[in-house]
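Participant: Structure file start-v1.txt (compact mmCIF, C-alpha atoms) is given on the next line.
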```
# COMPACT_ATOMS: atom_id res chain seq x y z
CA MET A 11 -2.25 14.37 -11.51
CA ILE A 12 -0.96 11.22 -13.20
CA SER A 13 -2.07 9.85 -16.54
CA ASN A 14 -3.65 6.41 -16.64
CA LEU A 15 -0.96 5.07 -18.98
CA ASP A 16 1.96 6.55 -17.00
CA ALA A 17 0.64 4.96 -13.82
CA CYS A 18 0.43 1.59 -15.56
CA ARG A 19 3.98 1.98 -16.92
CA VAL A 20 5.42 2.68 -13.48
CA ILE A 21 3.57 -0.25 -11.91
CA GLU A 22 4.70 -2.57 -14.70
CA LYS A 23 8.36 -1.71 -13.97
CA SER A 24 7.98 -2.99 -10.42
CA ARG A 25 5.58 -5.79 -11.20
CA GLY A 26 7.99 -8.75 -11.22
CA ASP A 27 6.00 -11.99 -11.35
CA ALA A 28 2.96 -10.54 -9.63
CA LEU A 29 -0.54 -11.49 -10.70
CA VAL A 30 -2.34 -8.36 -11.91
CA VAL A 31 -6.11 -7.93 -11.81
CA THR A 32 -7.53 -4.94 -13.69
CA THR A 33 -10.87 -3.25 -14.13
CA MET A 34 -12.37 -0.25 -15.94
CA GLY A 35 -9.95 2.54 -17.01
CA ALA A 36 -6.88 0.81 -15.60
CA GLY A 37 -7.57 -2.08 -17.96
CA ASN A 38 -8.42 0.04 -20.99
CA PRO A 39 -6.98 -1.54 -24.18
CA ARG A 40 -5.99 1.90 -25.57
CA PHE A 41 -4.50 3.65 -22.53
CA GLY A 42 -4.37 1.06 -19.74
CA TRP A 43 -2.61 -2.04 -18.51
CA PRO A 44 -2.92 -4.14 -21.72
CA VAL A 45 -0.75 -1.55 -23.52
CA VAL A 46 2.18 -1.97 -21.13
CA SER A 47 1.95 -5.44 -19.61
CA GLN A 48 4.98 -7.62 -20.29
CA ASN A 49 3.36 -10.78 -18.95
CA GLN A 50 -0.28 -11.01 -19.95
CA SER A 51 -0.37 -14.68 -19.02
CA LEU A 52 -0.52 -13.51 -15.40
CA ASP A 53 -3.09 -10.74 -15.98
CA VAL A 54 -6.82 -11.04 -15.29
CA PRO A 55 -9.09 -8.28 -16.67
CA VAL A 56 -12.35 -8.28 -14.71
CA GLY A 57 -15.08 -6.54 -16.67
CA GLY A 58 -18.24 -8.23 -15.40
CA ALA A 59 -19.37 -8.28 -11.78
CA MET A 60 -19.02 -4.52 -11.45
CA GLY A 61 -16.95 -3.40 -8.49
CA LYS A 62 -15.87 -6.92 -7.61
CA ALA A 63 -12.36 -6.99 -9.12
CA SER A 64 -10.86 -6.33 -5.68
CA SER A 65 -12.87 -9.23 -4.23
CA PHE A 66 -11.53 -11.49 -6.98
CA ALA A 67 -8.00 -10.28 -6.17
CA LEU A 68 -8.55 -11.08 -2.49
CA GLY A 69 -9.41 -14.68 -3.34
CA LEU A 70 -6.37 -14.91 -5.60
CA ALA A 71 -4.09 -13.50 -2.90
CA LEU A 72 -5.37 -15.97 -0.30
CA ALA A 73 -4.91 -18.88 -2.71
CA GLN A 74 -1.40 -17.80 -3.73
CA PRO A 75 0.22 -16.46 -0.55
CA GLY A 76 3.72 -16.77 -1.99
CA ARG A 77 3.10 -14.40 -4.86
CA ARG A 78 2.22 -10.71 -4.98
CA VAL A 79 -1.26 -9.90 -6.24
CA ILE A 80 -1.84 -6.39 -7.62
CA ILE A 81 -5.33 -5.04 -8.19
CA LEU A 82 -5.77 -1.97 -10.39
CA ASP A 83 -9.18 -0.75 -9.23
CA GLY A 84 -11.21 2.31 -10.12
CA ASP A 85 -12.74 4.79 -7.70
CA GLY A 86 -16.20 4.23 -9.18
CA SER A 87 -15.65 0.49 -8.87
CA LEU A 88 -14.52 0.79 -5.27
CA VAL A 89 -17.53 2.82 -4.18
CA MET A 90 -19.74 0.10 -5.69
CA ASN A 91 -18.16 -2.40 -3.30
CA LEU A 92 -16.89 -0.45 -0.30
CA GLY A 93 -17.40 -3.45 1.96
CA THR A 94 -14.39 -4.97 0.20
CA LEU A 95 -12.15 -2.79 2.38
CA THR A 96 -13.31 -4.51 5.57
CA THR A 97 -13.43 -7.95 3.94
CA ILE A 98 -9.82 -7.56 2.75
CA SER A 99 -8.78 -6.17 6.11
CA GLU A 100 -10.37 -9.08 7.95
CA ARG A 101 -8.20 -11.64 6.16
CA SER A 102 -5.30 -9.17 5.69
CA PRO A 103 -3.29 -10.97 3.00
CA SER A 104 0.21 -9.52 3.20
CA ASN A 105 0.71 -10.08 -0.55
CA LEU A 106 -2.19 -7.89 -1.77
CA TYR A 107 -1.58 -4.40 -3.19
CA HIS A 108 -4.73 -2.45 -3.97
CA PHE A 109 -4.20 0.45 -6.38
CA VAL A 110 -7.13 2.82 -6.84
CA PHE A 111 -7.15 4.92 -10.01
CA GLU A 112 -9.05 7.92 -8.67
CA ASN A 113 -10.26 10.07 -11.55
CA GLY A 114 -13.36 11.26 -9.71
CA CYS A 115 -15.80 10.04 -12.31
CA TYR A 116 -17.35 7.19 -14.22
CA ALA A 117 -15.05 7.71 -17.20
CA VAL A 118 -16.42 4.79 -19.21
CA THR A 119 -19.98 6.11 -19.13
CA GLY A 120 -19.28 9.69 -20.13
CA GLY A 121 -17.59 11.20 -17.08
CA GLN A 122 -20.37 11.60 -14.54
CA PRO A 123 -18.92 12.29 -11.05
CA ILE A 124 -18.83 9.45 -8.53
CA PRO A 125 -20.77 10.01 -5.29
CA ALA A 126 -18.88 12.34 -2.91
CA GLU A 127 -16.38 13.21 -5.65
CA GLY A 128 -13.84 15.64 -4.19
CA LYS A 129 -14.84 14.78 -0.62
CA VAL A 130 -14.07 11.09 -0.28
CA ASN A 131 -10.59 10.05 0.91
CA PHE A 132 -9.77 6.47 -0.03
CA LYS A 133 -6.42 6.45 1.76
CA GLU A 134 -8.11 7.29 5.05
CA MET A 135 -10.89 4.82 4.37
CA ALA A 136 -8.36 2.02 3.89
CA SER A 137 -6.49 3.01 7.04
CA GLY A 138 -9.75 3.16 8.93
CA ALA A 139 -10.77 -0.26 7.64
CA GLY A 140 -7.54 -1.74 8.97
CA TYR A 141 -5.26 -2.08 5.93
CA ALA A 142 -1.62 -2.60 6.89
CA ALA A 143 -0.62 0.49 4.90
CA ALA A 144 -2.19 3.24 2.81
CA TYR A 145 -0.65 5.79 0.47
CA GLU A 146 -1.68 8.52 -1.95
CA PHE A 147 0.20 9.94 -4.92
CA ASP A 148 -0.59 12.72 -7.35
CA ASP A 149 2.90 12.98 -8.82
CA LEU A 150 4.40 10.38 -11.15
CA GLU A 151 8.00 10.72 -9.98
CA ASP A 152 6.93 10.49 -6.38
CA LEU A 153 5.05 7.29 -7.16
CA ALA A 154 7.98 5.85 -9.13
CA SER A 155 10.51 6.52 -6.38
CA ASN A 156 8.35 4.97 -3.63
CA LEU A 157 6.73 2.02 -5.37
CA GLY A 158 9.53 -0.50 -4.85
CA ARG A 159 9.51 0.14 -1.12
CA ILE A 160 5.72 -0.16 -0.98
CA LEU A 161 5.70 -3.47 -2.82
CA ASP A 162 8.47 -4.78 -0.56
CA GLY A 163 6.36 -3.91 2.47
CA ASP A 164 3.50 -5.89 3.95
CA GLY A 165 0.00 -5.68 2.55
CA PRO A 166 -2.78 -5.31 2.36
CA ALA A 167 -1.79 -1.88 1.12
CA LEU A 168 -3.99 0.64 -0.66
CA ILE A 169 -2.22 2.99 -3.05
CA ASN A 170 -4.53 5.77 -4.17
CA LEU A 171 -3.49 7.47 -7.41
CA LYS A 172 -4.89 10.81 -8.53
CA ILE A 173 -5.53 10.11 -12.20
CA THR A 174 -6.40 12.48 -15.04
CA PRO A 175 -9.85 11.47 -16.36
CA GLU A 176 -9.95 10.02 -19.86
CA ILE A 177 -13.60 10.12 -20.76
CA GLU A 178 -15.14 7.71 -23.24
CA ASN A 179 -18.33 8.85 -24.94
CA VAL A 180 -18.47 6.20 -27.64
CA PRO A 181 -21.22 3.60 -27.23
CA ILE A 182 -19.85 0.41 -25.70
CA HIS A 183 -20.49 -1.70 -28.78
CA LEU A 184 -18.37 0.64 -30.90
CA ARG A 185 -15.38 0.74 -28.54
CA GLU A 186 -12.19 -1.22 -28.87
CA ARG A 187 -12.62 -4.24 -26.65
CA PRO A 188 -9.83 -6.01 -24.75
CA LYS A 189 -8.41 -8.93 -26.69
CA ARG A 190 -8.30 -11.10 -23.56
CA THR A 191 -11.70 -11.75 -22.04
CA THR A 192 -12.18 -12.51 -18.36
CA ARG A 193 -13.27 -16.03 -19.30
CA SER A 194 -10.13 -16.81 -21.33
CA ALA A 195 -7.85 -15.07 -18.81
CA VAL A 196 -9.09 -17.01 -15.78
CA GLN A 197 -8.58 -20.29 -17.61
CA GLU A 198 -5.07 -19.30 -18.74
CA VAL A 199 -3.98 -17.99 -15.35
CA ARG A 200 -5.45 -21.01 -13.58
CA LYS A 201 -3.46 -23.27 -15.87
CA ALA A 202 -0.29 -21.22 -15.43
CA LEU A 203 -0.56 -21.36 -11.63
CA ALA A 204 -1.27 -25.08 -11.63
CA GLY A 205 1.68 -25.78 -13.92
CA MET B 11 -42.69 -36.40 19.08
CA GLU B 12 -42.37 -39.65 17.21
CA HIS B 13 -38.96 -41.18 16.74
CA GLY B 14 -38.95 -40.62 12.96
CA GLN B 15 -39.61 -36.92 13.35
CA ALA B 16 -36.85 -36.52 15.93
CA GLU B 17 -34.32 -37.85 13.40
CA ALA B 18 -35.44 -35.54 10.61
CA VAL B 19 -33.04 -32.73 11.33
CA LEU B 20 -29.91 -31.34 9.74
CA HIS B 21 -26.76 -31.30 11.85
CA PRO B 22 -23.62 -29.26 11.17
CA HIS B 23 -21.41 -32.34 10.96
CA ALA B 24 -23.51 -33.76 8.12
CA ILE B 25 -22.77 -30.75 5.93
CA ILE B 26 -19.21 -30.19 7.08
CA SER B 27 -18.26 -33.81 6.48
CA GLN B 28 -19.60 -33.49 2.93
CA LEU B 29 -17.49 -30.39 2.35
CA LYS B 30 -14.36 -32.12 3.62
CA LYS B 31 -15.09 -35.31 1.67
CA ASN B 32 -15.18 -33.22 -1.50
CA GLY B 33 -11.92 -31.41 -0.80
CA VAL B 34 -13.46 -28.03 -0.10
CA THR B 35 -10.79 -25.63 1.16
CA HIS B 36 -12.64 -22.38 1.84
CA VAL B 37 -16.13 -21.35 2.90
CA VAL B 38 -16.90 -17.81 1.74
CA TRP B 39 -19.88 -16.67 3.69
CA LEU B 40 -22.13 -14.10 5.22
CA PRO B 41 -23.95 -15.34 8.32
CA ASP B 42 -27.65 -16.04 8.12
CA SER B 43 -30.20 -17.53 10.47
CA GLU B 44 -30.67 -20.68 8.38
CA THR B 45 -27.01 -21.71 8.41
CA ASN B 46 -25.87 -20.08 11.66
CA PHE B 47 -25.96 -23.49 13.31
CA MET B 48 -22.77 -24.40 11.45
CA TYR B 49 -20.79 -21.34 12.46
CA GLN B 50 -19.08 -22.62 15.59
CA GLN B 51 -18.03 -25.90 14.02
CA LEU B 52 -16.81 -24.19 10.88
CA MET B 53 -14.76 -21.78 12.99
CA GLU B 54 -13.18 -24.64 14.91
CA ASP B 55 -12.41 -26.88 11.93
CA PRO B 56 -8.82 -26.32 10.74
CA ALA B 57 -9.52 -28.07 7.43
CA LEU B 58 -11.90 -25.34 6.27
CA GLU B 59 -10.91 -21.69 6.04
CA LEU B 60 -13.78 -19.33 6.70
CA ILE B 61 -13.85 -16.04 4.78
CA PRO B 62 -16.51 -13.65 6.06
CA VAL B 63 -17.76 -10.99 3.66
CA ALA B 64 -19.54 -7.67 4.09
CA ARG B 65 -22.17 -8.40 1.43
CA GLU B 66 -23.00 -11.52 -0.52
CA GLY B 67 -22.02 -10.25 -3.96
CA GLU B 68 -18.40 -10.49 -2.85
CA THR B 69 -18.63 -14.25 -2.33
CA MET B 70 -18.69 -15.35 -5.97
CA ALA B 71 -15.83 -12.99 -6.82
CA ILE B 72 -13.66 -14.11 -3.90
CA ALA B 73 -14.48 -17.72 -4.73
CA ALA B 74 -13.48 -17.10 -8.35
CA GLY B 75 -10.09 -15.82 -7.23
CA LEU B 76 -9.59 -18.80 -4.94
CA TRP B 77 -10.57 -21.17 -7.74
CA VAL B 78 -8.19 -19.56 -10.24
CA GLY B 79 -5.51 -19.80 -7.57
CA GLY B 80 -6.02 -23.55 -7.27
CA LYS B 81 -8.38 -23.85 -4.29
CA ARG B 82 -11.87 -25.30 -4.02
CA PRO B 83 -14.22 -22.85 -2.29
CA VAL B 84 -17.96 -22.93 -1.66
CA ALA B 85 -20.23 -19.96 -1.00
CA LEU B 86 -22.53 -20.04 2.02
CA ILE B 87 -25.17 -17.31 1.97
CA GLN B 88 -28.89 -16.73 2.44
CA ASN B 89 -31.40 -16.62 -0.39
CA THR B 90 -31.73 -12.86 0.17
CA GLY B 91 -28.02 -12.69 -0.68
CA ILE B 92 -28.67 -14.52 -3.92
CA PHE B 93 -30.92 -11.63 -4.92
CA GLU B 94 -28.13 -9.17 -4.12
CA SER B 95 -25.50 -11.18 -5.99
CA GLY B 96 -26.93 -11.24 -9.50
CA ASP B 97 -24.13 -9.41 -11.29
CA SER B 98 -21.45 -11.48 -9.54
CA ILE B 99 -23.17 -14.78 -10.33
CA ARG B 100 -23.36 -13.65 -13.95
CA GLY B 101 -19.96 -12.04 -14.36
CA LEU B 102 -17.68 -14.24 -12.23
CA GLY B 103 -19.78 -17.39 -12.02
CA LEU B 104 -21.60 -18.26 -15.21
CA ASP B 105 -19.54 -16.14 -17.62
CA VAL B 106 -16.20 -17.62 -16.52
CA ASN B 107 -17.39 -21.22 -16.09
CA GLN B 108 -16.66 -21.29 -12.37
CA PRO B 109 -17.72 -24.68 -10.88
CA LEU B 110 -18.97 -23.01 -7.70
CA VAL B 111 -21.27 -24.76 -5.25
CA MET B 112 -23.45 -22.17 -3.52
CA LEU B 113 -24.99 -23.32 -0.24
CA VAL B 114 -28.04 -21.12 0.19
CA GLY B 115 -30.01 -20.73 3.40
CA TYR B 116 -33.61 -21.06 2.27
CA ARG B 117 -35.29 -18.34 4.36
CA GLY B 118 -39.04 -18.73 4.46
CA TRP B 119 -39.03 -22.29 3.11
CA ASP B 120 -41.85 -24.42 4.50
CA ARG B 121 -42.43 -27.83 3.03
CA HIS B 122 -45.69 -28.21 4.93
CA GLY B 123 -47.40 -24.92 4.42
CA VAL B 124 -47.63 -21.74 2.40
CA SER B 125 -44.79 -19.29 3.03
CA ARG B 126 -45.64 -15.61 3.28
CA ASP B 127 -41.96 -14.71 2.99
CA SER B 128 -41.18 -13.23 -0.41
CA ALA B 129 -37.57 -14.41 0.00
CA ALA B 130 -38.81 -17.98 -0.34
CA LYS B 131 -41.34 -17.09 -3.00
CA PHE B 132 -38.77 -15.82 -5.47
CA THR B 133 -35.75 -18.02 -4.72
CA GLU B 134 -36.32 -20.92 -7.06
CA HIS B 135 -37.66 -18.70 -9.84
CA ILE B 136 -34.49 -16.62 -9.76
CA ILE B 137 -32.21 -19.66 -9.77
CA HIS B 138 -34.20 -21.13 -12.65
CA ALA B 139 -33.84 -17.88 -14.57
CA TRP B 140 -30.05 -18.22 -14.49
CA GLY B 141 -30.28 -21.80 -15.72
CA ILE B 142 -28.59 -22.97 -12.52
CA ASN B 143 -29.52 -26.39 -11.18
CA TYR B 144 -30.15 -26.87 -7.46
CA TYR B 145 -30.63 -29.47 -4.77
CA LEU B 146 -32.63 -29.26 -1.54
CA VAL B 147 -31.06 -30.34 1.75
CA GLU B 148 -33.31 -30.50 4.81
CA THR B 149 -32.02 -33.44 6.84
CA ASP B 150 -28.81 -35.35 7.46
CA GLU B 151 -29.99 -37.94 4.97
CA ASP B 152 -30.11 -35.27 2.26
CA ALA B 153 -26.57 -34.05 2.90
CA SER B 154 -25.07 -36.38 0.30
CA ARG B 155 -26.74 -34.15 -2.30
CA ILE B 156 -23.86 -31.78 -1.68
CA SER B 157 -21.61 -34.36 -3.31
CA LEU B 158 -23.97 -34.48 -6.27
CA ALA B 159 -23.76 -30.69 -6.52
CA VAL B 160 -19.95 -30.73 -6.43
CA GLU B 161 -19.81 -33.41 -9.10
CA GLU B 162 -22.29 -31.55 -11.28
CA ALA B 163 -20.49 -28.22 -10.90
CA GLU B 164 -17.19 -29.80 -11.97
CA ARG B 165 -18.75 -31.75 -14.84
CA THR B 166 -20.70 -28.81 -16.25
CA SER B 167 -18.19 -26.06 -15.32
CA LYS B 168 -20.90 -23.84 -13.87
CA PRO B 169 -22.38 -22.89 -10.51
CA VAL B 170 -24.80 -25.26 -8.77
CA ALA B 171 -26.94 -24.30 -5.79
CA VAL B 172 -27.78 -26.30 -2.66
CA LEU B 173 -30.79 -24.92 -0.86
CA VAL B 174 -30.51 -25.52 2.88
CA GLY B 175 -33.96 -25.96 4.43
CA THR B 176 -34.78 -24.77 7.89
CA GLU B 177 -35.21 -28.04 9.74
CA PHE B 178 -31.82 -28.01 11.40
CA GLY B 179 -30.58 -29.28 14.72
CA ALA B 180 -28.08 -28.01 17.23
```
Turn the structure described in the file into structure tokens.
Facilitator:
Amino acid sequence: MISNLDACRVIEKSRGDALVVTTMGAGNPRFGWPVVSQNQSLDVPVGGAMGKASSFALGLALAQPGRRVIILDGDGSLVMNLGTLTTISERSPSNLYHFVFENGCYAVTGGQPIPAEGKVNFKEMASGAGYAAAYEFDDLEDLASNLGRILDGDGPALINLKITPEIENVPIHLRERPKRTTRSAVQEVRKALAG
Amino acid sequence: MEHGQAEAVLHPHAIISQLKKNGVTHVVWLPDSETNFMYQQLMEDPALELIPVAREGETMAIAAGLWVGGKRPVALIQNTGIFESGDSIRGLGLDVNQPLVMLVGYRGWDRHGVSRDSAAKFTEHIIHAWGINYYLVETDEDASRISLAVEEAERTSKPVAVLVGTEFGA
């Protein structure tokens, strides 16, 4: 198993000038992408529109074909929007890299298991949907040593990461909230890409 | 049929020419019976990229990504898809000030009678509830309302709907 923060650190090392879209645990302000990102002006946290961060990333990848787009998705988020796998596959943007942080549960709502937890195989689902490549890692060093090659290869690629759950039981209004909202981030990134 | 009635139809070129006139780059859509008549021409038009989705809630999110990336998309879905898309319209439409024009096939709409289709019954109420403005397009003459919708979406930085009535031609 890999910790949420370690996964983000490894991805950040290979990020380059990629646009990074995050949701749920991967975008957690205490143990997620905002802690490690070295270029927040190219990050878009997607909190609303549950499950649709990967759809947003698809649009971004199609609009910016010359730049890598990385989506840090959750397993609970992906099962809310499984059709995204076929929609992404249909357009098949070669610059889209779809990471799934699979912790088996809805960590932000107290840790309830996702449907088919322990049975579902996201790597096989992506392959079956027609992604160009699909991978799975449960070891940090293994991920670190392969990530450069994966990001140099053609997408769309799904990279499923077995993540240690970090459960939050604090009511939402009492939690630390991300400093960058989706609204401010989309305006900033839009401006940066237009510039 | 009288001459005036024969003219009162909506042709694909009337809508597509409006999209092109307004610099639309992508049509994010899920097929429906009300707008199916445009499919072939949309597929064949190199100026418009068609992005099919598995379910309508994806359309606003994909459109948001395209918009952030510098493109000008529209969504093309049925009113039933509007019902399914609530969280996306909220989270990646209204909340992020996306100037998205949503072309919505108005299933069940009947100007001349009482519709028994609950899809039609709830459509305008739902759109009103979001505070989203909308225009009705039933004939070629109405198609210029798409330009009004584009202008309004840009000026107000929020989604605007265009309800596509059922009186379409081949």
Participant: What are the residues of chain B lining chain A at 10 Å or less? Count all atoms listed in the file, and put the answer as a VMD selection string.
Facilitator: chain B and resid 35 to 36 38 60 to 65 67 to 83 95 to 108
Participant: Could you name the residues that touch segment 18-32 of chain B at 10 Å or less, counting all atoms listed in the file, but leaving out those on the same chain fewer than 4 positions away, as an MDAnalysis selection string?
Facilitator: chainID B and resid 13:14 36:37 45:52 55 57:58 82:84 113 147:157 160:161 174:180
Participant: Between B:Met53, B:Ala129, B:Leu110, B:Val124, which has the minimum distance to Arg165 of chain B (counting all atoms listed in the file)?
Facilitator: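 For Arg165 of chain B, the nearest of the given residues is B:Leu110.
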Participant: For a quick check of understanding, using only C-alpha atoms, which of A:Met135, A:Ala117, A:Ile160, A:Met34 has the smallest distance to Arg78 of chain A?
Facilitator: A:Ile160
Participant: Would you mind listing what lies within 7 Å of Ile87 of chain B as a list of chain:residue names, with all atoms listed in the file counted and same-chain residues fewer than 6 positions away left out?
Facilitator: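 Returned residues: B:Trp39, B:Leu40, B:Pro41, B:Asp42, B:Glu66, B:Leu113, B:Val114, B:Gly115.
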Participant: So how far away is atom CA of Val170 of chain B from atom CA of Tyr116 of chain B, in Å?
Facilitator: 14.7 Å
